[in-house]
Amino acid sequence: MAKKDIITKKSLDFLTKYLNNTSPTGFEAEGQKLWLSYIKPYIDEYFTDNYGTVVGVINPEAKYKVVIEAHADEISWFVHYITKDGFIYLRRNGGSDHIIAPSKRVNIHTDKGIVKAVFGWPAIHTRHEKEVTPSMKNITLDCGCDTAEEVEAMGVHVGCVVTFDDEFTILNEKKFVGRALDNRIGGFMIAEVARLLKEEKHKLDFGLYIVNAVQEEVGLRGAQMIAHKIKPDVAIITDVCHDTQTPMIDKKVHGDQAGGKGPVLTYGPAVQNNLLKHIIESANKNKIPFQRAAASRATGTDTDAFAYSNEGVPSSLISLPLRYMHTTVEMCHKDDVENTIRLILEAVKNLKSGQDFRYLK
């Protein structure tokens, strides 16, 4: 079982603030500032890149470089077209789900500040002749304006980013719920690893690069950029995967992973098998529960970007089981969060400078 004191009141307060903040793909800066402020006491230095990825570094002078990484961005929308009557049509920014949109409240981010709006939807009384499914062709935002000119006077224009207006909650004292757990919960977990290394006064004999990357939701772009800047020797990535225990999910298609049973370790071409064995040994040695999953051609996470960067970087993926991905009520189990933190921490502590993961030597 996870140690119940891993997530402290201070760290939970940070997680709440971090999740409630918005960090849409391409506009992650404010969330990155919060994250960097939290980890600064636990690192030796930091750097950023042109698109907003933030890297905290422990032992920056060390030649051997180990990355632990999560991505900072969340799915969102772009204002695409404003009708003469003041309704707003959108384009996706990442894998935003049009099915869940009707009746949701949103924030439109403008130079003048936040503009509140809602995804309107015709009343059930008016849909009796033909049931219509929400689609990108028929969902619109209503910000209380009657003309395009009124909308534009509020500061809204084509290209403004739009996020759902939802906040973090805890259900039954053990389930974390909110938007953007994918994957700011990952950013939280790697920050906690940095905190625990500092509090335990554990000395690493290599450089540890704690990476919070941007633009994963549109093709692993932030990871691609920062991997070439850091040129790491090893990369351990954390992201979310599907908790497949809820109704309407076919385990034959999506696998059998359950919230509360531990982090998920993925097998697949991008996952370096010797590094994966190292992580499994760390789990077994420290009695950390874990589950397994199989990827096909790619993991679909920043693991792929790091693995195939430079001359090939031994990379592995540790995933957190998540219910209702890409909705406003993404849900994970507190025990899994703590056990994922523990697993990353122990895997890092068990690494040695110069460790060679090649299959053939």
# chains A, B, ... in the order shown; residues from 1 in each chain; ligands from 1
call {"tool": "select_by_dssp", "arguments": {"residues": "region 132-265 of chain A", "states": "strand (DSSP E or B)", "output": "count of residues only"}}
result
32
call {"tool": "residues_around", "arguments": {"residues": "region 34-48 of chain A", "least_positions_apart": "6", "cutoff": "12 Å", "atoms": "only C-alpha atoms", "output": "ChimeraX atom specification"}}
result
/A:10-23,28,54-61,70-72,184-202,207-214,222,225-226,229-230
call {"tool": "closest_atom_pairs", "arguments": {"of": "region 229-299 of chain A", "to": "region 336-343 of chain A", "cutoff": "6 Å", "atoms": "only C-alpha atoms", "output": "Markdown table"}}
result
| residue | atom | partner | partner_atom | distance |
| --- | --- | --- | --- | --- |
| A:Gly260 | CA | A:Asp336 | CA | 5.6 |
| A:Gly262 | CA | A:Asp336 | CA | 4.9 |
| A:Pro263 | CA | A:Thr340 | CA | 5.5 |
call {"tool": "atom_distance", "arguments": {"atom1": "CA of Asp304 (chain A)", "atom2": "CA of Val240 (chain A)"}}
result
14.4 Å
call {"tool": "select_by_dssp", "arguments": {"residues": "region 238-341 of chain A", "states": "helix (DSSP H, G or I)", "output": "count of residues only"}}
result
31
call {"tool": "closest_residue", "arguments": {"among": "A:Ser319, A:Ser296, A:Ser76, A:Asn310", "to": "Val106 (chain A)", "atoms": "only C-alpha atoms"}}
result
A:Ser76
call {"tool": "closest_atom_pairs", "arguments": {"of": "region 128-213 of chain A", "to": "region 351-361 of chain A", "cutoff": "10 Å", "atoms": "only C-alpha atoms", "output": "JSON lines"}}
result
{"residue": "A:Leu204", "atom": "CA", "partner": "A:Lys352", "partner_atom": "CA", "distance": 8.2}
{"residue": "A:Asp205", "atom": "CA", "partner": "A:Ser353", "partner_atom": "CA", "distance": 5.7}
{"residue": "A:Phe206", "atom": "CA", "partner": "A:Ser353", "partner_atom": "CA", "distance": 5.2}
{"residue": "A:Gly207", "atom": "CA", "partner": "A:Ser353", "partner_atom": "CA", "distance": 8.5}
call {"tool": "closest_residue", "arguments": {"among": "A:Lys334, A:Val313, A:Asp97, A:Met154", "to": "Gly113 (chain A)", "atoms": "only C-alpha atoms"}}
result
A:Met154
call {"tool": "closest_residue", "arguments": {"among": "A:Val177, A:Cys241, A:Ile249, A:Ala101", "to": "Val264 (chain A)", "atoms": "only C-alpha atoms"}}
result
A:Cys241
call {"tool": "atom_distance", "arguments": {"atom1": "CA of Gly94 (chain A)", "atom2": "CA of Gln291 (chain A)"}}
result
27.6 Å
call {"tool": "closest_residue", "arguments": {"among": "A:Pro314, A:Gly178, A:Gly259, A:Pro247", "to": "Asn273 (chain A)", "atoms": "only C-alpha atoms"}}
result
A:Pro314
call {"tool": "closest_residue", "arguments": {"among": "A:Ala307, A:Leu141, A:Ile124, A:Val162", "to": "Asp233 (chain A)", "atoms": "only C-alpha atoms"}}
result
A:Ala307
call {"tool": "closest_residue", "arguments": {"among": "A:Lys84, A:His157, A:His242, A:Lys112", "to": "His326 (chain A)", "atoms": "only C-alpha atoms"}}
result
A:His242
call {"tool": "atom_distance", "arguments": {"atom1": "CA of Lys63 (chain A)", "atom2": "CA of Glu311 (chain A)"}}
result
16.5 Å
call {"tool": "decode", "arguments": {"residues": "region 53-101 of chain A", "atoms": "N, CA and C atoms", "output": "CSV table (one decimal), in the first residue's frame"}}
result
chain,number,residue,atom,x,y,z
A,53,THR,N,8.3,24.8,-22.5
A,53,THR,CA,8.6,23.7,-21.7
A,53,THR,C,9.6,24.1,-20.6
A,54,VAL,N,9.4,23.6,-19.4
A,54,VAL,CA,10.2,24.0,-18.2
A,54,VAL,C,10.9,22.8,-17.7
A,55,VAL,N,12.2,22.9,-17.4
A,55,VAL,CA,13.0,21.8,-17.0
A,55,VAL,C,13.7,22.2,-15.7
A,56,GLY,N,13.4,21.5,-14.6
A,56,GLY,CA,14.2,21.7,-13.3
A,56,GLY,C,15.3,20.7,-13.3
A,57,VAL,N,16.5,21.1,-12.8
A,57,VAL,CA,17.7,20.2,-12.9
A,57,VAL,C,18.3,20.1,-11.5
A,58,ILE,N,18.6,18.8,-11.2
A,58,ILE,CA,19.4,18.5,-10.0
A,58,ILE,C,20.7,17.9,-10.5
A,59,ASN,N,21.8,18.4,-10.0
A,59,ASN,CA,23.2,18.1,-10.5
A,59,ASN,C,23.4,18.5,-11.9
A,60,PRO,N,23.3,19.7,-12.3
A,60,PRO,CA,23.4,20.1,-13.7
A,60,PRO,C,24.8,19.9,-14.3
A,61,GLU,N,25.8,19.7,-13.5
A,61,GLU,CA,27.1,19.5,-14.0
A,61,GLU,C,27.4,18.1,-14.4
A,62,ALA,N,26.6,17.2,-14.0
A,62,ALA,CA,26.8,15.8,-14.3
A,62,ALA,C,26.7,15.5,-15.8
A,63,LYS,N,27.5,14.6,-16.2
A,63,LYS,CA,27.5,14.2,-17.7
A,63,LYS,C,26.4,13.3,-18.0
A,64,TYR,N,26.1,12.3,-17.1
A,64,TYR,CA,25.0,11.4,-17.4
A,64,TYR,C,23.7,12.0,-17.0
A,65,LYS,N,22.7,12.0,-18.0
A,65,LYS,CA,21.5,12.8,-17.8
A,65,LYS,C,20.3,11.8,-17.8
A,66,VAL,N,19.5,11.9,-16.8
A,66,VAL,CA,18.2,11.2,-16.6
A,66,VAL,C,17.0,12.1,-16.6
A,67,VAL,N,16.1,11.8,-17.5
A,67,VAL,CA,14.8,12.6,-17.5
A,67,VAL,C,13.7,11.9,-16.8
A,68,ILE,N,12.9,12.6,-16.0
A,68,ILE,CA,11.5,12.2,-15.7
A,68,ILE,C,10.6,13.3,-16.2
A,69,GLU,N,9.6,12.9,-16.9
A,69,GLU,CA,8.8,13.8,-17.7
A,69,GLU,C,7.3,13.6,-17.7
A,70,ALA,N,6.6,14.7,-17.7
A,70,ALA,CA,5.1,14.7,-17.9
A,70,ALA,C,4.8,15.9,-18.9
A,71,HIS,N,3.6,16.0,-19.3
A,71,HIS,CA,3.2,17.1,-20.2
A,71,HIS,C,2.2,18.0,-19.5
A,72,ALA,N,2.3,19.3,-19.8
A,72,ALA,CA,1.7,20.3,-19.1
A,72,ALA,C,0.3,20.8,-19.7
A,73,ASP,N,0.1,20.5,-21.0
A,73,ASP,CA,-1.0,21.1,-21.7
A,73,ASP,C,-2.3,20.3,-21.5
A,74,GLU,N,-3.4,21.1,-21.7
A,74,GLU,CA,-4.7,20.4,-21.7
A,74,GLU,C,-5.4,20.8,-23.0
A,75,ILE,N,-6.4,19.9,-23.3
A,75,ILE,CA,-7.2,20.1,-24.5
A,75,ILE,C,-8.1,21.3,-24.3
A,76,SER,N,-8.4,21.9,-25.4
A,76,SER,CA,-9.2,23.2,-25.4
A,76,SER,C,-9.8,23.4,-26.8
A,77,TRP,N,-10.3,24.6,-27.0
A,77,TRP,CA,-10.9,25.0,-28.3
A,77,TRP,C,-10.3,26.3,-28.8
A,78,PHE,N,-10.5,26.6,-30.1
A,78,PHE,CA,-10.2,27.9,-30.6
A,78,PHE,C,-11.5,28.5,-31.2
A,79,VAL,N,-11.7,29.8,-31.0
A,79,VAL,CA,-12.8,30.5,-31.7
A,79,VAL,C,-12.4,30.5,-33.2
A,80,HIS,N,-13.4,30.0,-34.0
A,80,HIS,CA,-13.2,29.8,-35.4
A,80,HIS,C,-14.0,30.8,-36.3
A,81,TYR,N,-15.3,31.0,-35.8
A,81,TYR,CA,-16.2,31.8,-36.7
A,81,TYR,C,-17.3,32.4,-35.8
A,82,ILE,N,-17.5,33.7,-35.9
A,82,ILE,CA,-18.5,34.4,-35.2
A,82,ILE,C,-19.6,34.8,-36.1
A,83,THR,N,-20.9,34.3,-35.9
A,83,THR,CA,-22.0,34.6,-36.8
A,83,THR,C,-22.5,36.1,-36.5
A,84,LYS,N,-23.2,36.6,-37.5
A,84,LYS,CA,-23.8,37.9,-37.3
A,84,LYS,C,-24.7,38.1,-36.1
A,85,ASP,N,-25.2,36.9,-35.7
A,85,ASP,CA,-26.1,36.9,-34.5
A,85,ASP,C,-25.3,36.8,-33.2
A,86,GLY,N,-24.0,36.6,-33.3
A,86,GLY,CA,-23.2,36.5,-32.0
A,86,GLY,C,-22.9,35.1,-31.5
A,87,PHE,N,-23.2,34.1,-32.3
A,87,PHE,CA,-22.9,32.8,-31.9
A,87,PHE,C,-21.5,32.4,-32.4
A,88,ILE,N,-20.8,31.6,-31.6
A,88,ILE,CA,-19.4,31.3,-31.9
A,88,ILE,C,-19.2,29.8,-32.2
A,89,TYR,N,-18.6,29.6,-33.4
A,89,TYR,CA,-18.3,28.2,-33.8
A,89,TYR,C,-16.8,28.0,-33.5
A,90,LEU,N,-16.4,26.8,-33.2
A,90,LEU,CA,-15.1,26.5,-32.7
A,90,LEU,C,-14.3,25.5,-33.5
A,91,ARG,N,-13.0,25.4,-33.3
A,91,ARG,CA,-12.1,24.4,-33.8
A,91,ARG,C,-11.5,23.7,-32.5
A,92,ARG,N,-11.1,22.4,-32.7
A,92,ARG,CA,-10.5,21.8,-31.6
A,92,ARG,C,-9.0,22.2,-31.4
A,93,ASN,N,-8.5,22.3,-30.2
A,93,ASN,CA,-7.1,22.4,-29.9
A,93,ASN,C,-6.7,21.2,-29.1
A,94,GLY,N,-6.3,20.1,-29.8
A,94,GLY,CA,-6.2,18.8,-29.2
A,94,GLY,C,-7.5,18.0,-29.3
A,95,GLY,N,-7.6,16.9,-28.5
A,95,GLY,CA,-8.7,16.0,-28.7
A,95,GLY,C,-9.9,16.3,-27.9
A,96,SER,N,-10.4,17.6,-28.0
A,96,SER,CA,-11.6,18.0,-27.3
A,96,SER,C,-12.8,17.2,-27.7
A,97,ASP,N,-13.7,16.9,-26.8
A,97,ASP,CA,-14.8,16.0,-27.1
A,97,ASP,C,-16.1,16.8,-27.3
A,98,HIS,N,-16.6,16.8,-28.5
A,98,HIS,CA,-17.8,17.6,-28.8
A,98,HIS,C,-19.0,17.0,-28.2
A,99,ILE,N,-19.0,15.7,-27.9
A,99,ILE,CA,-20.2,15.1,-27.3
A,99,ILE,C,-20.5,15.6,-25.9
A,100,ILE,N,-19.5,16.0,-25.1
A,100,ILE,CA,-19.8,16.4,-23.8
A,100,ILE,C,-20.1,17.9,-23.7
A,101,ALA,N,-19.9,18.6,-24.8
A,101,ALA,CA,-20.0,20.1,-24.8
A,101,ALA,C,-21.3,20.7,-24.4
